[in-house]
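As stored in data.cif (mmCIF, C-alpha atoms):
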data_data
loop_
_atom_site.label_atom_id
_atom_site.label_comp_id
_atom_site.auth_asym_id
_atom_site.auth_seq_id
_atom_site.Cartn_x
_atom_site.Cartn_y
_atom_site.Cartn_z
CA MET A 1 -20.73 -15.83 -10.71
CA ASN A 2 -21.97 -17.30 -7.47
CA ASP A 3 -25.62 -16.64 -6.69
CA SER A 4 -25.83 -18.55 -3.40
CA ASP A 5 -27.45 -16.82 -0.43
CA ASP A 6 -24.53 -17.38 1.92
CA GLY A 7 -22.41 -14.68 0.33
CA ALA A 8 -19.84 -14.95 -2.44
CA ARG A 9 -16.19 -14.80 -1.49
CA LEU A 10 -14.10 -12.14 -3.17
CA THR A 11 -11.04 -13.35 -4.99
CA ARG A 12 -7.81 -11.41 -4.59
CA ARG A 13 -8.46 -10.01 -8.06
CA ALA A 14 -11.92 -8.79 -7.04
CA VAL A 15 -10.74 -7.09 -3.86
CA LEU A 16 -7.53 -5.49 -5.01
CA GLY A 17 -7.82 -5.23 -8.79
CA ALA A 18 -9.77 -1.98 -8.84
CA GLY A 19 -6.83 0.03 -10.12
CA ALA A 20 -6.89 -1.60 -13.54
CA GLY A 21 -10.67 -1.40 -13.87
CA THR A 22 -11.06 -4.98 -15.08
CA VAL A 23 -12.65 -6.64 -12.09
CA ALA A 24 -15.77 -8.78 -12.16
CA LEU A 25 -17.68 -8.92 -8.89
CA SER A 26 -19.78 -11.76 -7.61
CA THR A 27 -23.29 -10.99 -6.45
CA VAL A 28 -24.19 -11.15 -2.80
CA GLY A 29 -27.08 -12.47 -0.78
CA THR A 30 -30.12 -10.26 -0.47
CA ALA A 31 -29.03 -7.25 -2.51
CA GLN A 32 -31.74 -6.27 -4.97
CA ALA A 33 -31.18 -5.38 -8.62
CA ASP A 34 -30.79 -1.73 -7.68
CA GLY A 35 -28.48 -2.64 -4.78
CA THR A 36 -30.75 -1.12 -2.15
CA GLY A 37 -32.08 -4.29 -0.54
CA GLU A 38 -31.35 -5.42 2.99
CA GLY A 39 -27.58 -5.38 3.41
CA GLY A 40 -27.28 -4.14 -0.16
CA LEU A 41 -24.04 -2.85 -1.64
CA LEU A 42 -25.60 0.33 -2.96
CA SER A 43 -27.37 1.77 0.03
CA GLY A 44 -28.55 5.32 0.61
CA ARG A 45 -25.43 5.97 2.68
CA CYS A 46 -23.33 6.04 -0.49
CA PRO A 47 -25.33 7.44 -3.42
CA ASP A 48 -22.29 7.36 -5.75
CA ALA A 49 -21.54 3.69 -5.12
CA THR A 50 -21.58 1.14 -7.93
CA LEU A 51 -21.14 -2.63 -7.97
CA ARG A 52 -18.71 -2.49 -10.86
CA PRO A 53 -15.39 -0.63 -10.80
CA SER A 54 -15.97 3.08 -11.26
CA MET A 55 -13.86 6.17 -10.83
CA GLY A 56 -14.49 9.89 -10.90
CA HIS A 57 -12.52 13.07 -11.17
CA CYS A 58 -11.71 14.82 -7.92
CA VAL A 59 -12.67 18.45 -7.37
CA GLY A 60 -10.54 20.64 -9.62
CA ALA A 61 -9.14 17.67 -11.55
CA SER A 62 -8.01 18.09 -15.14
CA MET A 63 -5.91 15.93 -17.43
CA GLU A 64 -6.25 18.37 -20.31
CA GLY A 65 -3.26 20.44 -19.29
CA CYS A 66 -0.97 17.50 -18.47
CA THR A 67 1.86 16.82 -20.88
CA ASP A 68 4.88 14.58 -20.48
CA ASP A 69 7.26 17.26 -21.74
CA HIS A 70 6.09 20.04 -19.44
CA PRO A 71 8.98 21.25 -17.22
CA VAL A 72 7.05 20.49 -14.03
CA THR A 73 6.19 16.98 -15.22
CA LEU A 74 9.83 16.37 -16.10
CA GLU A 75 10.97 17.68 -12.72
CA LEU A 76 8.40 15.70 -10.75
CA ARG A 77 9.11 12.50 -12.64
CA GLU A 78 12.85 12.94 -12.16
CA ALA A 79 12.38 13.51 -8.44
CA VAL A 80 10.24 10.37 -8.18
CA SER A 81 12.82 8.39 -10.18
CA GLU A 82 15.62 9.50 -7.86
CA THR A 83 13.63 8.46 -4.80
CA LEU A 84 12.90 5.03 -6.24
CA GLU A 85 16.44 4.44 -7.45
CA ASP A 86 18.13 5.63 -4.27
CA ARG A 87 15.72 4.40 -1.58
CA TYR A 88 12.98 2.13 -2.92
CA PRO A 89 14.33 0.29 -5.99
CA ASP A 90 12.64 -3.05 -5.39
CA ALA A 91 10.33 -5.11 -3.19
CA GLY A 92 13.07 -5.94 -0.69
CA ALA A 93 13.88 -2.27 -0.10
CA LEU A 94 10.17 -1.49 0.25
CA LEU A 95 9.67 -4.12 2.93
CA GLU A 96 12.69 -2.87 4.84
CA ALA A 97 11.40 0.71 4.65
CA GLY A 98 7.99 -0.17 6.09
CA PHE A 99 5.87 -0.41 2.94
CA LYS A 100 3.03 -2.92 3.12
CA PRO A 101 2.29 -5.33 0.27
CA TYR A 102 -1.06 -4.77 -1.36
CA PHE A 103 -1.40 -7.11 -4.32
CA ASP A 104 -3.95 -6.14 -6.90
CA THR A 105 -4.29 -9.21 -9.09
CA LEU A 106 -2.88 -12.66 -8.45
CA ASP A 107 -4.93 -15.08 -10.50
CA GLY A 108 -5.81 -15.65 -14.11
CA ASP A 109 -4.98 -12.80 -16.48
CA ASP A 110 -3.58 -10.53 -13.79
CA ASP A 111 -2.03 -7.19 -14.64
CA GLY A 112 1.41 -8.03 -13.33
CA TRP A 113 1.96 -5.03 -11.03
CA SER A 114 1.00 -4.15 -7.50
CA HIS A 115 0.62 -1.27 -5.05
CA TRP A 116 2.74 -1.12 -1.89
CA LEU A 117 1.55 1.38 0.73
CA HIS A 118 3.31 3.16 3.58
CA PRO A 119 1.05 3.86 6.59
CA GLU A 120 3.37 6.59 7.91
CA TYR A 121 3.31 8.51 4.64
CA ILE A 122 -0.46 8.13 4.34
CA GLY A 123 -0.75 9.42 7.90
CA ASP A 124 1.57 12.43 7.64
CA ASP A 125 0.82 15.98 6.49
CA ALA A 126 2.77 15.91 3.22
CA VAL A 127 0.95 15.75 -0.12
CA LEU A 128 2.53 15.19 -3.53
CA ASP A 129 5.96 14.71 -1.97
CA PRO A 130 8.22 12.51 -4.15
CA GLU A 131 10.43 11.76 -1.16
CA ARG A 132 7.47 10.30 0.77
CA PRO A 133 5.22 8.54 -1.76
CA GLU A 134 2.16 7.05 -0.12
CA SER A 135 2.32 4.09 -2.51
CA VAL A 136 4.99 2.59 -4.75
CA LEU A 137 4.02 0.63 -7.87
CA VAL A 138 5.98 -2.59 -8.40
CA ASP A 139 6.35 -4.90 -11.39
CA ASN A 140 5.59 -8.41 -10.14
CA ASP A 141 7.96 -10.08 -12.61
CA SER A 142 11.18 -8.12 -12.03
CA TRP A 143 10.19 -7.12 -8.45
CA ARG A 144 11.37 -3.60 -9.33
CA SER A 145 9.61 -0.29 -8.68
CA ILE A 146 8.08 1.32 -11.76
CA GLY A 147 6.28 4.38 -10.38
CA VAL A 148 4.36 5.83 -7.46
CA MET A 149 0.77 6.57 -6.53
CA PHE A 150 0.25 9.73 -4.51
CA ILE A 151 -2.75 9.67 -2.16
CA ALA A 152 -4.27 12.99 -1.10
CA THR A 153 -4.45 12.61 2.68
CA ARG A 154 -3.26 14.67 5.63
CA ASP A 155 -2.99 12.96 9.00
CA GLY A 156 -4.72 10.00 7.38
CA GLU A 157 -7.80 12.00 6.34
CA PRO A 158 -8.75 12.64 2.70
CA ILE A 159 -8.37 16.24 1.54
CA SER A 160 -10.39 18.02 -1.13
CA PRO A 161 -9.49 19.57 -3.41
CA PRO A 162 -6.02 18.04 -3.79
CA PRO A 163 -3.22 20.30 -5.08
CA ALA A 164 -2.71 20.73 -8.80
CA VAL A 165 0.61 19.60 -10.23
CA TYR A 166 0.79 22.84 -12.19
CA GLU A 167 -1.25 25.56 -13.88
CA ALA A 168 -0.09 27.34 -17.00
CA ASP A 169 -1.15 30.81 -15.88
CA GLU A 170 0.09 30.55 -12.30
CA ASP A 171 3.31 29.76 -10.53
CA ASP A 172 1.84 27.81 -7.65
CA GLY A 173 1.94 24.27 -9.00
CA TRP A 174 4.24 21.60 -7.68
CA ASP A 175 7.46 23.22 -6.56
CA GLY A 176 9.27 20.44 -4.77
CA PRO A 177 8.36 18.88 -1.42
CA PRO A 178 6.06 21.11 0.66
CA GLU A 179 7.72 23.16 3.41
CA ASN A 180 6.47 23.96 6.89
CA ASP A 181 6.56 27.38 8.53
CA ASP A 182 10.22 26.92 9.49
CA GLY A 183 11.27 26.34 5.90
CA GLU A 184 11.84 22.64 6.50
CA HIS A 185 10.38 19.93 4.32
CA HIS A 186 7.39 18.14 5.79
CA GLY A 187 8.34 14.70 6.99
CA ASP A 188 12.10 15.26 7.09
CA SER A 189 13.57 11.86 7.87
CA ASP A 190 16.17 10.83 10.36
CA ALA A 191 19.16 8.70 9.54
CA ASP A 192 17.04 5.57 9.55
CA GLY A 193 14.64 6.98 6.99
CA HIS A 194 11.88 7.54 9.54
CA GLY A 195 10.15 10.88 9.83
CA ASP A 196 8.84 12.47 12.98
CA HIS A 197 5.24 11.55 12.18
CA ASP A 198 3.33 8.80 13.86
CA HIS A 199 1.66 6.09 11.83
CA GLY A 200 -1.61 7.43 10.47
CA ASP A 201 -4.24 7.46 13.14
CA GLY A 202 -6.85 9.29 11.10
CA HIS A 203 -9.66 7.13 9.89
CA PRO A 204 -12.05 8.23 7.14
CA HIS A 205 -15.59 7.62 8.24
CA GLY A 206 -18.08 5.47 6.38
CA ASP A 207 -19.95 8.52 5.11
CA ASP A 208 -19.43 11.07 2.38
CA ASP A 209 -18.70 14.05 4.61
CA HIS A 210 -15.16 14.55 3.32
CA TYR A 211 -16.21 14.89 -0.32
CA PRO A 212 -18.47 17.18 -2.33
CA HIS A 213 -21.52 15.41 -3.70
CA ASP A 214 -20.58 15.64 -7.34
CA ASP A 215 -21.53 13.09 -9.99
CA HIS A 216 -18.86 10.40 -9.99
CA ASP A 217 -19.68 9.42 -13.59
CA HIS A 218 -19.20 12.98 -14.84
CA HIS A 219 -15.92 13.39 -16.69
CA PRO A 220 -15.30 17.11 -17.09
CA ASP A 221 -13.56 18.40 -20.18
CA GLY A 222 -11.01 19.90 -17.83
CA ASP A 223 -9.01 23.08 -17.97
CA PRO A 224 -6.39 22.96 -20.76
CA ASP A 225 -4.16 25.18 -18.64
CA ARG A 226 -4.32 22.99 -15.55
CA CYS A 227 -2.69 19.65 -14.74
CA SER A 228 -4.40 17.93 -11.80
CA PRO A 229 -4.75 14.22 -12.65
CA TRP A 230 -6.46 13.16 -9.42
CA HIS A 231 -9.21 10.52 -9.40
CA TYR A 232 -11.15 8.56 -6.81
CA HIS A 233 -12.90 5.18 -6.78
CA ALA A 234 -16.59 4.82 -5.88
CA GLY A 235 -17.08 1.26 -7.18
CA ALA A 236 -17.24 -1.65 -4.78
CA PRO A 237 -13.79 -3.06 -5.76
CA GLY A 238 -11.97 0.20 -5.08
CA ARG A 239 -13.82 0.88 -1.84
CA LEU A 240 -13.15 -2.65 -0.60
CA ALA A 241 -9.48 -2.37 -1.55
CA TRP A 242 -9.05 0.77 0.54
CA TRP A 243 -11.10 -0.73 3.37
CA TYR A 244 -8.92 -3.86 3.30
CA TYR A 245 -5.77 -1.76 3.67
CA ARG A 246 -7.30 0.27 6.51
CA THR A 247 -8.57 -2.84 8.28
CA VAL A 248 -5.48 -5.03 7.95
CA TYR A 249 -2.64 -2.53 8.13
CA GLU A 250 -4.07 0.33 10.20
CA GLY A 251 -6.35 -1.60 12.55
CA ALA A 252 -9.43 0.38 11.52
CA TYR A 253 -11.74 -2.22 13.05
CA ARG A 254 -10.08 -1.70 16.43
CA GLU A 255 -10.72 2.03 16.08
CA GLY A 256 -14.41 1.52 15.33
CA GLU A 257 -14.36 1.93 11.58
CA LEU A 258 -16.69 -0.86 10.55
CA ALA A 259 -17.76 0.24 7.08
CA PRO A 260 -15.70 1.43 4.12
CA PRO A 261 -15.82 5.06 3.02
CA CYS A 262 -18.20 5.89 0.22
CA ARG A 263 -15.23 6.58 -2.03
CA THR A 264 -11.49 6.36 -1.77
CA PRO A 265 -9.24 9.36 -1.22
CA CYS A 266 -8.02 11.11 -4.35
CA MET A 267 -5.12 9.35 -6.05
CA MET A 268 -2.74 9.96 -8.95
CA HIS A 269 0.02 7.94 -10.62
CA VAL A 270 3.46 9.02 -11.76
CA TRP A 271 5.08 6.31 -13.89
CA THR A 272 8.87 6.22 -14.13
CA VAL A 273 8.83 3.65 -16.94
CA ASP A 274 7.58 4.62 -20.38
CA HIS A 275 3.81 4.46 -20.72
CA PRO A 276 1.87 4.78 -24.00
CA GLU A 277 -0.80 6.85 -22.23
CA GLY A 278 1.58 9.19 -20.45
CA VAL A 279 3.29 9.78 -17.12
CA TYR A 280 0.01 10.29 -15.24
CA ALA A 281 -1.95 7.41 -16.83
CA HIS A 282 -4.48 5.72 -14.56
CA GLY A 283 -3.98 2.16 -15.81
CA GLY A 284 -0.68 0.33 -15.72
CA PRO A 285 1.72 0.15 -18.65
CA PRO A 286 1.56 -2.92 -20.92
CA PRO A 287 4.01 -5.71 -20.06
CA GLU A 288 6.45 -4.76 -22.80
CA TYR A 289 6.84 -1.31 -21.24
CA ARG A 290 7.59 -2.82 -17.84
CA GLU A 291 10.38 -5.13 -18.96
CA ARG A 292 13.42 -4.56 -16.76
CA GLU A 293 16.34 -6.54 -15.43
CA PRO A 294 15.13 -8.48 -12.39
CA ALA A 295 16.19 -7.30 -8.97
CA ASP A 296 19.66 -8.63 -8.14
CA ASP A 297 18.52 -10.05 -4.83
CA PRO A 298 15.08 -10.62 -3.27
CA GLY A 299 16.12 -8.59 -0.24
CA PHE A 300 14.35 -10.93 2.19
CA GLU A 301 14.33 -14.60 3.15
CA THR A 302 12.61 -16.56 0.37
CA ASP A 303 13.15 -19.51 -1.94
CA SER A 304 11.82 -17.47 -4.87
CA GLU A 305 13.83 -15.46 -7.38
CA PRO A 306 13.00 -12.16 -9.14
CA GLY A 307 12.48 -12.75 -12.83
CA GLU A 308 11.64 -16.41 -12.28
CA ASP A 309 8.81 -16.28 -9.75
CA GLU A 310 5.91 -13.83 -9.68
CA LEU A 311 5.89 -11.51 -6.69
CA GLY A 312 2.95 -12.36 -4.46
CA TRP A 313 1.89 -13.34 -0.97
CA ASP A 314 3.41 -16.80 -1.36
CA VAL A 315 6.98 -15.54 -1.85
CA LEU A 316 7.04 -13.19 1.15
CA PRO A 317 8.35 -14.06 4.62
CA ASP A 318 5.61 -15.33 6.91
CA GLU A 319 5.91 -12.30 9.18
CA GLU A 320 5.09 -9.99 6.25
CA VAL A 321 1.90 -11.82 5.27
CA PRO A 322 -1.30 -10.55 6.99
CA ASP A 323 -3.30 -12.98 9.08
CA ARG A 324 -6.25 -12.39 6.76
CA LEU A 325 -5.71 -12.23 3.02
CA PRO A 326 -8.21 -10.49 0.73
CA GLU A 327 -9.83 -13.75 -0.32
CA SER A 328 -10.88 -14.40 3.28
CA PHE A 329 -13.24 -11.41 3.20
CA SER A 330 -16.70 -11.50 1.68
CA LEU A 331 -18.66 -8.64 0.21
CA ALA A 332 -20.93 -8.76 3.23
CA ASP A 333 -17.92 -8.09 5.49
CA GLY A 334 -17.12 -4.83 3.83
CA LEU A 335 -20.18 -3.23 2.27
CA GLY A 336 -23.17 -3.15 4.51
CA PRO A 337 -26.09 -0.71 4.60
#
Show me this structure written as structure tokens.
Amino acid sequence: MNDSDDGARLTRRAVLGAGAGTVALSTVGTAQADGTGEGGLLSGRCPDATLRPSMGHCVGASMEGCTDDHPVTLELREAVSETLEDRYPDAGALLEAGFKPYFDTLDGDDDGWSHWLHPEYIGDDAVLDPERPESVLVDNDSWRSIGVMFIATRDGEPISPPPAVYEADEDDGWDGPPENDDGEHHGDSDADGHGDHDHGDGHPHGDDDHYPHDDHDHHPDGDPDRCSPWHYHAGAPGRLAWWYYRTVYEGAYREGELAPPCRTPCMMHVWTVDHPEGVYAHGGPPPEYREREPADDPGFETDSEPGEDELGWDVLPDEEVPDRLPESFSLADGLGP
């Protein structure tokens, strides 16, 4: 912990490790014990905000009805697996396809996997589309894809409530990629794998207008007949992680977005490797569940080798590394009043 008044620097783990829920944050400057002091992290603008990692269930969310052997789960997971195997099998393929590296933990006892995000897919109008996953989850040892994270946005803006994967008493759960009025799949790609959508130009504001004001610490029992495993992050690490992506990869600062949103958009995982907590588990699978043959080739110019070197900023080509890495930001940069 660093208690100096000039602001503690966030490590890469602190900024981008929110997904695993194991981040320790340094204190900052003049924030009071309740976080409401001048420049405090927990200001009145964001009543749900916490210093520590925290997540909540999105409107209509329920894990109670989610099972790994449900036909819709099996179909969705198979569709995701086909997309990863055919188009996004490893870090090299992700870079070539326009995904942006977004490393969660790179020091100490890191979790060994990372999120890679696609600005075009975040900015399009498709939701829960296995052919256009907003984020791909990558094992940092083998450099291979191990799942996806869907993000509930349309045109770059969070939506609420996000769609359920399925409901036992209805037939309107996930039924393949969403179609437009002409019967065509949203985001149909051309021969180069690019859809007809622009990169996301929506930018969530630094207020809570997009979300109902429910209690982020409330974990509902859920509907046993409904599978909707969406969650959001209201803790400082998760908010800063999303703000870092928006700032670095979408130029949010240039568009006037100076403060992070009060919570992230709704998110949900679909793991294609076995996971002891299930296909939709929030945390990553233990290392022994992620063991795979390393990628045959890095897929980009590097002196590092999959299976021998950990995937991180230092192994990527210079042109793929942002000018500002997470550790160059301080808490004061991202979470003002």
Coordinates-based distance that separates atom CA of Asp155 of chain A from atom CA of Pro89 of chain A (Å, one decimal):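 Separating atom CA of Pro89 of chain A from atom CA of Asp155 of chain A is a distance of 26.2 Å.
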Point-to-point distance in Å for atom CA of Ala164 of chain A and atom CA of His70 of chain A: 13.8 Å
Exercise: Glu293 of chain A partners within 12 Å, all atoms listed in the file, chain neighbours under 4 positions left out, as a ChimeraX atom specification: /A:89-90,139,141-146,297,306-308
May I have the selected residues written with C-alpha atoms, as a CSV table (one decimal), keeping the file's coordinate frame?
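Contents of the output file selection.csv:
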chain,number,residue,atom,x,y,z
A,89,PRO,CA,14.3,0.3,-6.0
A,90,ASP,CA,12.6,-3.0,-5.4
A,139,ASP,CA,6.4,-4.9,-11.4
A,141,ASP,CA,8.0,-10.1,-12.6
A,142,SER,CA,11.2,-8.1,-12.0
A,143,TRP,CA,10.2,-7.1,-8.4
A,144,ARG,CA,11.4,-3.6,-9.3
A,145,SER,CA,9.6,-0.3,-8.7
A,146,ILE,CA,8.1,1.3,-11.8
A,297,ASP,CA,18.5,-10.0,-4.8
A,306,PRO,CA,13.0,-12.2,-9.1
A,307,GLY,CA,12.5,-12.8,-12.8
A,308,GLU,CA,11.6,-16.4,-12.3
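The two atoms in question, atom CA of Ser228 of chain A and atom CA of Ser62 of chain A, are spaced 4.9 Å apart.
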Distance criterion (only C-alpha atoms): nearest to Leu117 of chain A out of A:Trp242, A:Arg154, A:Thr50, A:Glu78: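 Going through A:Trp242, A:Arg154, A:Thr50, A:Glu78 one by one, the smallest distance to Leu117 of chain A is for A:Trp242.
Using the PyMOL selection byres ((chain A and resi 275-292) around 9) on the file at hand returns these residues: Gly19, Ala20, Gly21, Met63, Cys66, Thr67, Asp68, Thr73, Arg77, Asp111, Gly112, Trp113, Asp139, Asp141, Ser142, Arg144, Ile146, Pro229, His231, Met268, His269, Val270, Trp271, Thr272, Val273, Asp274, Glu293, Pro294 and Ala295 of chain A.
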Proximity to Ala236 of chain A - best of A:Asp48, A:Val148, A:Arg132, A:Glu75, all atoms listed in the file: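 Looking only at the distances to Ala236 of chain A, the closest residue turns out to be A:Asp48.
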Matched chain/residue IDs from the PyMOL selection byres ((chain A and resi 243) around 9), as JSON, numbers by chain: {"A": [238, 239, 240, 241, 242, 244, 245, 246, 247, 248, 252, 259, 260, 261, 264, 334]}
Residue IDs satisfying the PyMOL selection byres ((chain A and resi 266) around 7), as a list in words: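 Applying the expression gives Cys58, Ile151, Ala152, Trp230, His231, Tyr232, Thr264, Pro265 and Met267 of chain A.
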Surrounding residues of Asp223 of chain A excluding itself and chain neighbours under 2 positions, 7 Å, all atoms listed in the file, as an MDAnalysis selection string: chainID A and resid 62 64:65 221 225:226
